[in-house]
file work-v6.pdb (PDB, C-alpha atoms and all ligand atoms)
ATOM      1  CA  MET V  11     164.708  98.907 111.021  1.00  0.00           C
ATOM      2  CA  TYR V  12     167.611 100.206 113.048  1.00  0.00           C
ATOM      3  CA  HIS V  13     168.318  98.154 116.133  1.00  0.00           C
ATOM      4  CA  TYR V  14     169.722  99.907 119.131  1.00  0.00           C
ATOM      5  CA  SER V  15     172.273  98.189 121.222  1.00  0.00           C
ATOM      6  CA  GLU V  16     171.128  97.170 124.688  1.00  0.00           C
ATOM      7  CA  GLU V  17     172.971 100.222 126.055  1.00  0.00           C
ATOM      8  CA  GLN V  18     171.114 102.652 123.810  1.00  0.00           C
ATOM      9  CA  SER V  19     167.709 101.125 124.422  1.00  0.00           C
ATOM     10  CA  GLU V  20     165.246 102.694 126.861  1.00  0.00           C
ATOM     11  CA  LEU V  21     165.011  99.227 128.321  1.00  0.00           C
ATOM     12  CA  LYS V  22     168.747  98.937 128.892  1.00  0.00           C
ATOM     13  CA  HIS V  23     168.059  98.154 132.525  1.00  0.00           C
ATOM     14  CA  LEU V  24     166.350  94.999 131.279  1.00  0.00           C
ATOM     15  CA  LYS V  25     168.083  92.180 129.506  1.00  0.00           C
ATOM     16  CA  ALA V  26     166.289  91.716 126.186  1.00  0.00           C
ATOM     17  CA  PRO V  27     164.605  88.338 126.485  1.00  0.00           C
ATOM     18  CA  SER V  28     164.233  85.987 123.564  1.00  0.00           C
ATOM     19  CA  VAL V  29     160.674  85.207 124.702  1.00  0.00           C
ATOM     20  CA  TRP V  30     158.419  88.095 125.734  1.00  0.00           C
ATOM     21  CA  ASP V  31     155.660  87.717 128.279  1.00  0.00           C
ATOM     22  CA  VAL V  32     152.679  89.669 126.945  1.00  0.00           C
ATOM     23  CA  ASN V  33     149.683  89.857 129.222  1.00  0.00           C
ATOM     24  CA  ASP V  34     147.007  91.544 127.172  1.00  0.00           C
ATOM     25  CA  ALA V  35     145.284  89.380 124.624  1.00  0.00           C
ATOM     26  CA  ALA V  36     145.354  91.302 121.364  1.00  0.00           C
ATOM     27  CA  ILE V  37     141.669  91.000 120.760  1.00  0.00           C
ATOM     28  CA  ASP V  38     140.647  92.056 124.292  1.00  0.00           C
ATOM     29  CA  ASN V  39     143.002  94.951 124.102  1.00  0.00           C
ATOM     30  CA  GLN V  40     140.897  96.566 121.376  1.00  0.00           C
ATOM     31  CA  GLY V  41     137.801  96.707 123.556  1.00  0.00           C
ATOM     32  CA  ASP V  42     134.985  98.434 121.764  1.00  0.00           C
ATOM     33  CA  TYR V  43     137.372  99.635 119.063  1.00  0.00           C
ATOM     34  CA  GLY V  44     137.435  96.066 117.798  1.00  0.00           C
ATOM     35  CA  LYS V  45     136.393  94.383 114.601  1.00  0.00           C
ATOM     36  CA  HIS V  46     139.799  94.079 112.976  1.00  0.00           C
ATOM     37  CA  PRO V  47     140.426  90.335 112.525  1.00  0.00           C
ATOM     38  CA  ALA V  48     144.141  90.382 113.334  1.00  0.00           C
ATOM     39  CA  PRO V  49     145.091  93.149 115.771  1.00  0.00           C
ATOM     40  CA  PHE V  50     148.432  93.247 117.577  1.00  0.00           C
ATOM     41  CA  SER V  51     148.707  93.445 121.318  1.00  0.00           C
ATOM     42  CA  THR V  52     149.550  97.050 122.260  1.00  0.00           C
ATOM     43  CA  SER V  53     151.988  95.958 124.953  1.00  0.00           C
ATOM     44  CA  LEU V  54     153.825  93.747 122.450  1.00  0.00           C
ATOM     45  CA  VAL V  55     154.238  96.691 120.058  1.00  0.00           C
ATOM     46  CA  GLU V  56     155.223  98.923 122.963  1.00  0.00           C
ATOM     47  CA  LYS V  57     158.030  96.571 123.953  1.00  0.00           C
ATOM     48  CA  ALA V  58     159.277  96.397 120.361  1.00  0.00           C
ATOM     49  CA  LEU V  59     159.267 100.219 120.120  1.00  0.00           C
ATOM     50  CA  LYS V  60     161.152 100.626 123.362  1.00  0.00           C
ATOM     51  CA  TYR V  61     163.813  98.124 122.377  1.00  0.00           C
ATOM     52  CA  THR V  62     164.373  99.575 118.920  1.00  0.00           C
ATOM     53  CA  THR V  63     163.672 103.336 119.054  1.00  0.00           C
ATOM     54  CA  THR V  64     163.985 106.353 121.295  1.00  0.00           C
ATOM     55  CA  GLU V  65     161.539 109.198 122.052  1.00  0.00           C
ATOM     56  CA  GLY V  66     160.854 111.520 119.128  1.00  0.00           C
ATOM     57  CA  GLU V  67     161.847 109.041 116.461  1.00  0.00           C
ATOM     58  CA  LEU V  68     159.575 108.219 113.522  1.00  0.00           C
ATOM     59  CA  ILE V  69     157.752 104.887 113.410  1.00  0.00           C
ATOM     60  CA  LEU V  70     156.419 103.605 110.074  1.00  0.00           C
ATOM     61  CA  ASP V  71     153.686 100.965 109.960  1.00  0.00           C
ATOM     62  CA  PRO V  72     152.736 100.245 106.346  1.00  0.00           C
ATOM     63  CA  PHE V  73     149.938  97.853 107.417  1.00  0.00           C
ATOM     64  CA  MET V  74     148.055  99.739 110.148  1.00  0.00           C
ATOM     65  CA  GLY V  75     144.993  97.541 110.507  1.00  0.00           C
ATOM     66  CA  SER V  76     143.268  98.935 113.595  1.00  0.00           C
ATOM     67  CA  GLY V  77     146.177 101.294 114.384  1.00  0.00           C
ATOM     68  CA  THR V  78     147.812  99.524 117.314  1.00  0.00           C
ATOM     69  CA  THR V  79     151.326 100.647 116.353  1.00  0.00           C
ATOM     70  CA  ALA V  80     150.133 104.262 116.095  1.00  0.00           C
ATOM     71  CA  VAL V  81     148.628 104.015 119.585  1.00  0.00           C
ATOM     72  CA  ALA V  82     151.833 102.567 121.035  1.00  0.00           C
ATOM     73  CA  ALA V  83     153.881 105.276 119.258  1.00  0.00           C
ATOM     74  CA  ILE V  84     151.710 108.083 120.677  1.00  0.00           C
ATOM     75  CA  GLN V  85     151.749 106.583 124.173  1.00  0.00           C
ATOM     76  CA  ASN V  86     155.546 106.340 124.048  1.00  0.00           C
ATOM     77  CA  GLU V  87     156.231 109.759 122.524  1.00  0.00           C
ATOM     78  CA  ARG V  88     157.334 108.562 119.109  1.00  0.00           C
ATOM     79  CA  ASN V  89     156.214 110.172 115.855  1.00  0.00           C
ATOM     80  CA  PHE V  90     154.178 108.017 113.550  1.00  0.00           C
ATOM     81  CA  VAL V  91     153.274 107.573 109.890  1.00  0.00           C
ATOM     82  CA  GLY V  92     151.232 104.692 108.552  1.00  0.00           C
ATOM     83  CA  PHE V  93     149.306 103.244 105.631  1.00  0.00           C
ATOM     84  CA  GLU V  94     146.215 101.085 105.479  1.00  0.00           C
ATOM     85  CA  LEU V  95     144.616  99.721 102.327  1.00  0.00           C
ATOM     86  CA  ASP V  96     141.192  99.450 104.009  1.00  0.00           C
ATOM     87  CA  GLU V  97     139.282  98.725 100.842  1.00  0.00           C
ATOM     88  CA  GLU V  98     135.979  98.346 102.708  1.00  0.00           C
ATOM     89  CA  GLY V  99     136.461 101.579 104.683  1.00  0.00           C
ATOM     90  CA  ALA V 100     136.056  99.607 107.889  1.00  0.00           C
ATOM     91  CA  TYR V 101     139.341 100.368 109.624  1.00  0.00           C
ATOM     92  CA  LYS V 102     139.726 104.123 109.161  1.00  0.00           C
ATOM     93  CA  PRO V 103     137.135 105.039 111.828  1.00  0.00           C
ATOM     94  CA  ILE V 104     138.736 102.544 114.242  1.00  0.00           C
ATOM     95  CA  ILE V 105     142.199 103.984 113.611  1.00  0.00           C
ATOM     96  CA  GLU V 106     140.947 107.569 113.993  1.00  0.00           C
ATOM     97  CA  ARG V 107     139.120 106.797 117.225  1.00  0.00           C
ATOM     98  CA  ARG V 108     142.077 104.990 118.754  1.00  0.00           C
ATOM     99  CA  ILE V 109     144.514 107.772 117.792  1.00  0.00           C
ATOM    100  CA  ARG V 110     142.157 110.431 119.168  1.00  0.00           C
ATOM    101  CA  GLU V 111     141.784 108.525 122.433  1.00  0.00           C
ATOM    102  CA  ALA V 112     145.539 107.900 122.785  1.00  0.00           C
ATOM    103  CA  LYS V 113     146.252 111.622 122.242  1.00  0.00           C
ATOM    104  CA  ARG V 114     143.505 112.592 124.703  1.00  0.00           C
ATOM    105  CA  GLN V 115     144.990 110.285 127.342  1.00  0.00           C
ATOM    106  CA  MET V 116     148.505 111.649 126.783  1.00  0.00           C
ATOM    107  CA  THR V 117     147.248 115.247 127.101  1.00  0.00           C
ATOM    108  CA  ALA V 118     145.330 114.367 130.273  1.00  0.00           C
ATOM    109  CA  SER V 119     148.434 112.721 131.692  1.00  0.00           C
ATOM    110  CA  VAL V 120     150.620 115.778 130.935  1.00  0.00           C
ATOM    111  CA  ASN V 121     147.999 118.109 132.451  1.00  0.00           C
ATOM    112  CA  GLN V 122     147.856 115.929 135.573  1.00  0.00           C
ATOM    113  CA  THR V 123     151.651 116.059 135.899  1.00  0.00           C
ATOM    114  CA  ILE V 124     151.591 119.872 135.584  1.00  0.00           C
ATOM    115  CA  ALA V 125     148.799 120.094 138.192  1.00  0.00           C
ATOM    116  CA  ASP V 126     150.747 117.801 140.534  1.00  0.00           C
ATOM    117  CA  ASP V 127     153.824 120.022 140.198  1.00  0.00           C
ATOM    118  CA  ASP V 128     151.872 123.207 141.099  1.00  0.00           C
TER     119      ASP V 128
HETATM  120  C1  LIG B   1     147.633  91.959 110.169  1.00  0.00           C
HETATM  121  S1  LIG B   1     146.779  93.428 109.748  1.00  0.00           S
HETATM  122  C2  LIG B   1     147.597  94.616 110.794  1.00  0.00           C
HETATM  123  C3  LIG B   1     146.989  94.632 112.146  1.00  0.00           C
HETATM  124  C4  LIG B   1     147.530  95.746 113.021  1.00  0.00           C
HETATM  125  N1  LIG B   1     148.897  95.477 113.419  1.00  0.00           N
HETATM  126  C5  LIG B   1     146.643  95.939 114.237  1.00  0.00           C
HETATM  127  O1  LIG B   1     147.124  95.845 115.376  1.00  0.00           O
HETATM  128  O2  LIG B   1     145.447  96.171 114.061  1.00  0.00           O
HETATM  129  C6  LIG B   1     147.422  93.866 108.170  1.00  0.00           C
HETATM  130  C7  LIG B   1     146.717  95.042 107.528  1.00  0.00           C
HETATM  131  O3  LIG B   1     147.427  95.419 106.356  1.00  0.00           O
HETATM  132  C8  LIG B   1     146.515  95.948 105.424  1.00  0.00           C
HETATM  133  N2  LIG B   1     147.150  95.892 104.087  1.00  0.00           N
HETATM  134  C9  LIG B   1     147.357  94.821 103.288  1.00  0.00           C
HETATM  135  N3  LIG B   1     147.998  95.166 102.161  1.00  0.00           N
HETATM  136  C10 LIG B   1     148.229  96.498 102.250  1.00  0.00           C
HETATM  137  C11 LIG B   1     148.880  97.439 101.403  1.00  0.00           C
HETATM  138  N4  LIG B   1     149.405  97.084 100.219  1.00  0.00           N
HETATM  139  N5  LIG B   1     148.974  98.723 101.816  1.00  0.00           N
HETATM  140  C12 LIG B   1     148.434  99.100 103.004  1.00  0.00           C
HETATM  141  N6  LIG B   1     147.806  98.258 103.868  1.00  0.00           N
HETATM  142  C13 LIG B   1     147.705  96.970 103.475  1.00  0.00           C
HETATM  143  C14 LIG B   1     145.285  95.060 105.579  1.00  0.00           C
HETATM  144  O4  LIG B   1     144.110  95.729 105.151  1.00  0.00           O
HETATM  145  C15 LIG B   1     145.295  94.772 107.091  1.00  0.00           C
HETATM  146  O5  LIG B   1     144.399  95.624 107.786  1.00  0.00           O
END
call {"tool": "encode", "arguments": {"input": "work-v6.pdb", "output": "structure tokens", "more": "lines below"}}
Ligand SMILES: C[S@@+](CC[C@H](N)C(=O)[O-])C[C@H]1O[C@@H](n2cnc3c(N)ncnc32)[C@H](O)[C@@H]1O
result
Amino acid sequence: MYHYSEEQSELKHLKAPSVWDVNDAAIDNQGDYGKHPAPFSTSLVEKALKYTTTEGELILDPFMGSGTTAVAAIQNERNFVGFELDEEGAYKPIIERRIREAKRQMTASVNQTIADDD
């Protein structure tokens, strides 16, 4: 992974801490998407993306699980590609639902901004 310098980072106004305060418990954060045994916290992934990438860049998560990294990528205007072994077929519907919802929220947010500007 390429690491941006503090100056290049979107969070350059913040000093990168060595300990991050993450408020959402990973498991709560999934809400009714849940059922993956080891989901990340979306806000933790979001911070990592903002410190290490810029908008439009491609994020690769080779172990998608419930798709938290994809959600954070969509919400922060990064491109995304991922893999999930999902031998039981349990995670694919969770991933698809979360991606659909994240895209729907982003579209709604853009439409609201356009409406506000009119
Ligand atoms: C710790 S979980 C990832 C959780 C994810 N970050 C989230 O927030 O839901 C790791 C995932 O990697 C998947 N996995 C393990 N080996 C894999 C492989 N060789 N290729 C693709 N996925 C794999 C597992 O099925 C599991 O869902």
call {"tool": "resolve_selection", "arguments": {"input": "work-v6.pdb", "expression": "the PyMOL selection byres (((not hetatm)) within 10 of (chain B and resi 1))", "output": "number ranges by chain"}}
result
V: 36-37, 39-40, 44-52, 54-55, 71-82, 92-102, 104-105
call {"tool": "atom_distance", "arguments": {"input": "work-v6.pdb", "atom1": "atom CA of Arg88 of chain V", "atom2": "atom CA of Lys60 of chain V"}}
result
9.8 Å
call {"tool": "axis_aligned_box", "arguments": {"input": "work-v6.pdb", "around": "segment 104-117 of chain V", "padding_each_side": "3 Å", "output": "AutoDock Vina command-line options"}}
result
--center_x 143.6 --center_y 108.9 --center_z 120.5 --size_x 15.8 --size_y 18.7 --size_z 19.7
call {"tool": "atom_distance", "arguments": {"input": "work-v6.pdb", "atom1": "atom CA of Lys57 of chain V", "atom2": "atom CA of Asp31 of chain V"}}
result
10.1 Å
call {"tool": "atom_distance", "arguments": {"input": "work-v6.pdb", "atom1": "atom CA of Phe90 of chain V", "atom2": "atom CA of Glu67 of chain V"}}
result
8.3 Å
call {"tool": "resolve_selection", "arguments": {"input": "work-v6.pdb", "expression": "the PyMOL selection byres (((chain V and resi 66) around 10) and not hetatm)", "output": "JSON, numbers by chain"}}
result
{"V": [63, 64, 65, 67, 68, 69, 83, 84, 86, 87, 88, 89, 90]}
call {"tool": "closest_residue", "arguments": {"input": "work-v6.pdb", "among": "V:Gln122, V:Ser53, V:Gln85, V:Thr62", "to": "Ile109 of chain V", "atoms": "only C-alpha atoms"}}
result
V:Gln85
call {"tool": "closest_residue", "arguments": {"input": "work-v6.pdb", "among": "V:Leu70, V:Asp127, V:Arg108, V:Trp30", "to": "Val91 of chain V", "atoms": "only C-alpha atoms"}}
result
V:Leu70
